[in-house]
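Only one structure is covered here, and it is reproduced in the block below.
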Amino acid sequence: MLTKIKTELYRNRYLYIMILPVLVWFILFCYLPMGGMVIAFQKFDIVRGIFKSKFVGLDNFSTLFRDPYFFRLVKNTLLINVFGLIFGFPLPIILAIAFNEIRQKYFKKISQTISYLPHFISSVVVMSMVIQFLSPDAGIVNKLINAFGHESIYFLQIPKYFKTIFISTGIWQGTGFSAIIFIAALAGIPKEQYEAATVDGAGKFKQMLYITLPNLAPTIVIMLLINLGSIMNVGHERIILLYNPAIYETADVLNSYVYREGIMGGRYSYAQAVTLFQNVVGFILVAGANKITRKLDGTTLW
Amino acid sequence: MNYKKKTPGEHIYIFVCYAIIILMCVLTLFPFFYLVAASFSGATAVMRNEVVLWPVDFTTKAYTVVMKYKGIWMAYANTIFYTVAGTTLSVLMTILAAYPLSKSRWAWKKPMGLFIVFTMWFSGGMIPFYLNMKNLHLLNTRSGILLYGAISAFYVIIFRTHFESIPVALEESAKLEGANDFQILFKIMVPLSKPIIAAIALYYAIDKWNAYFWEMLLLSDENLIPVQVLLQRIVINSQLGQDIAKSLSPGEATIPNTIKYAAIMITTMPIIVIYPFFQKYFVSGALVGSVKE
């Protein structure tokens with residue numbers, strides 16, 4: 001046994017040397033923070049540290065579940081994701097089908113290149129543009145409203161506009177890039193199917209309904225399930241650039257709350273309880289989604 | 001291919017497809033055109049909304065003001081450093097992780113793969129990560145920025161799959177010549193993987209160029225912040241840099257919009273400029289990213 005281990009160690013010694021820095025990195029930057037999750041069960045004190053802080057069991061969670069504010073956060077998170085899916089999910093599919101019908105090579109290439117571009121622009125730049133365009137004094141949107149004789153609207157100060165603004169921004173930034181996976185799936189549809197349909201007298205529109213869409217169905221289902229798996233998550237990075245106290249009512253989500261209360265406000269344990277709740281729900285959803293996709297077509301999400 | 005003449009319905013269908021794409025292109029590009037036009041326009045013209053797609057009262061004043069501001073040069077230099085050094089480190093670490101994982105002769109192939117993949121679906125969250133950075137004494141340091149996102153498990157898996165697809169015969173013949181794993185990796189595997197390395201390096205680089213959240217949280221020293229954090233302060237928090245304020249006429253309380261537009265332009269320019277040239281890699285990267293084995 002020992003000699004076996006020794007030969008393995010010797011034979012693959014360079015592999016061990018290679019993996020060593022990687023292993024250290026994953027322990028330091030992924031697994032140590034996972035251990036840090038225990039603060040959700042503590043009354044964490046930054047001076048005492050993780051090992052000496054008081055253990056309080058599920059206290060943070062019982063406070064959390066009795067906090068009406070928590071339900072507002074869950075509601076906003078879910079609503080942004082659900083509306084985002086309803087309005088945002090079909091668009092990449094429509095765009096991909098449209099691209100698929102284009103025969104002019106250069107037009108196709110250039111327009112595809114344009115469609116991916118916003119994905120690579122930073123959140124700070126995108127949100128800066130949104131803020132500038134919507135600004136009440138010089139923003140182009142309000143100037144347009146003024147031109148029709150109306151007063152400027154303080155878009156980012158009124159709660160009811162936030163979700164629309166946030167979701168539209170997401171759609172603007174993500175549609176082209178999300179279409180890539182559908183374009184790839186469309187390229188895999190056998191040409192014979194279309195040729196046979198043409199012989200049978202089916203027009204382009206019918207071909208789209210009876211050949212293209214059924215062929216895309218597995219990809220659509222998988223993408224939908226992936227999105228459902230992260231329904232408890234709205235990235236704080238983009239939210240915190242756009243929101244302000246006047247619109248917390250509709251704009252504050254679980255992640256932005258964790259950032260504000262936990263890191264800015266120093267309520268580490270309480271905020272970590274929120275994250276842990278999100279992680280558990282997210283994990284169940286992803287595992288469920290994975291099970292469904294496995295049943296559907298034998299592939300798994302991971 | 002065409003067995004019969006197109007019906008009017010088909011013409012409408014094709015027309016709709018073109019219309020969708022043209023609309024998408026216009027909506028995508030308009031903000032950028034407006035940004036360019038506004039940043040080169042006079043401040044009053046922008047205020048009065050005379051600018052649509054073309055600069056009005058053409059001036060480069062906004063840019064000269066922004067460029068006079070020392071902070072932006074420092075931030076730019078920082079961003080370039082974080083991007084170049086960070087991408088180099090990331091690509092190197094990703095390759096070092098992927099190579100052993102692709103070797104079936106290695107006893108730890110499976111467990112180590114799981115160890116790495118697990119981090120893709122489970123993480124401690126923002127707060128433990130922040131406290132951990134603090135405990136490691138990486139707050140407010142350049143090395144903290146380079147290290148925190150050094151490896152993406154997802155790219156490791158992509159590389160591993162790619163390495164697995166390279167014929168074993170190449171490795172075996174190199175072994176007979178007396179090459180060790182490091183030589184096989186860097187003299188055979190890496191040269192054979194240039195396109196995929198380029199694509200993934202590009203994605204790492206874009207991520208690092210665009211990153212702002214952890215940079216904002218971890219860095220308190222003005223001299224260490226990247227340009228995205230500076231932009232966030234200028235535009236979103238309307239926080240005046242001392243030098244920018246000084247270069248404006250005394251009565252003005254806020255930064256004129258043209259200057260904000262110029263600052264946004266300066267931050268985004270490198271991405272927009274390289275984008276058409278590296279377009280091939282942007283797309284191939286997206287494909288390896290979206291089509292999992």
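In the structure tokens, each chain is lettered A, B, ... as it comes, each chain's residues begin at 1, and ligands are numbered from 1 in order of appearance.
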Exercise for the section: Pick out each residue of region 115-236 of chain A that DSSP on the backbone tags as alpha helix (DSSP H); I need them as a PyMOL selection string. Expected result: chain A and resi 115-116+123-134+140-147+162-187+191-199+204-207+213-229+236
Exercise for the section: Hey, list the chain A side of the contact with chain B: 6 Å cut-off, only C-alpha atoms, answer as an NGL selection string. Expected result: :A and (14-15 or 18-19 or 22 or 33-34 or 36-37 or 98 or 122 or 138 or 204)
Restrict the selected residues to N, CA, C and O atoms and save them as a tab-separated table (two decimals), in the first residue's frame.
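Now in result30.tsv:
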chain	number	residue	atom	x	y	z
A	14	TYR	N	4.98	15.94	-10.85
A	14	TYR	CA	4.80	17.28	-11.45
A	14	TYR	C	3.35	17.71	-11.40
A	14	TYR	O	3.05	18.89	-11.28
A	15	LEU	N	2.45	16.72	-11.51
A	15	LEU	CA	1.03	17.07	-11.41
A	15	LEU	C	0.71	17.64	-10.03
A	15	LEU	O	-0.04	18.59	-9.89
A	18	MET	N	1.94	21.13	-9.84
A	18	MET	CA	1.07	22.05	-10.58
A	18	MET	C	-0.19	22.39	-9.78
A	18	MET	O	-0.63	23.53	-9.74
A	19	ILE	N	-0.78	21.36	-9.18
A	19	ILE	CA	-2.07	21.57	-8.55
A	19	ILE	C	-1.93	22.29	-7.20
A	19	ILE	O	-2.90	22.88	-6.72
A	22	VAL	N	-3.04	25.91	-7.01
A	22	VAL	CA	-4.48	25.95	-7.30
A	22	VAL	C	-5.26	25.52	-6.06
A	22	VAL	O	-6.24	26.16	-5.66
A	33	PRO	N	-14.08	31.02	3.07
A	33	PRO	CA	-15.34	31.77	3.20
A	33	PRO	C	-16.55	30.87	3.44
A	33	PRO	O	-17.48	31.25	4.14
A	34	MET	N	-16.54	29.65	2.88
A	34	MET	CA	-17.67	28.74	3.15
A	34	MET	C	-17.73	28.44	4.63
A	34	MET	O	-18.82	28.39	5.22
A	36	GLY	N	-16.82	30.42	6.85
A	36	GLY	CA	-17.27	31.66	7.47
A	36	GLY	C	-18.77	31.81	7.54
A	36	GLY	O	-19.30	32.70	8.20
A	37	MET	N	-19.48	30.89	6.84
A	37	MET	CA	-20.94	30.96	6.88
A	37	MET	C	-21.51	30.73	8.27
A	37	MET	O	-22.65	31.10	8.52
A	98	ALA	N	-34.65	35.22	-36.14
A	98	ALA	CA	-34.52	36.26	-37.17
A	98	ALA	C	-33.14	36.16	-37.84
A	98	ALA	O	-33.03	36.19	-39.07
A	122	SER	N	-19.13	47.49	-19.07
A	122	SER	CA	-19.23	47.32	-17.62
A	122	SER	C	-20.54	47.85	-17.05
A	122	SER	O	-21.17	48.74	-17.61
A	138	ALA	N	-31.11	67.19	-17.72
A	138	ALA	CA	-30.49	67.18	-19.04
A	138	ALA	C	-30.63	65.85	-19.76
A	138	ALA	O	-30.12	65.67	-20.85
A	204	LYS	N	-42.28	29.71	-45.11
A	204	LYS	CA	-41.26	30.02	-44.10
A	204	LYS	C	-41.84	30.07	-42.69
A	204	LYS	O	-41.23	29.58	-41.74
Problem - Distance in Å - CA of Ile183 (chain A) versus CA of Leu216 (chain A) - result: 9.6 Å
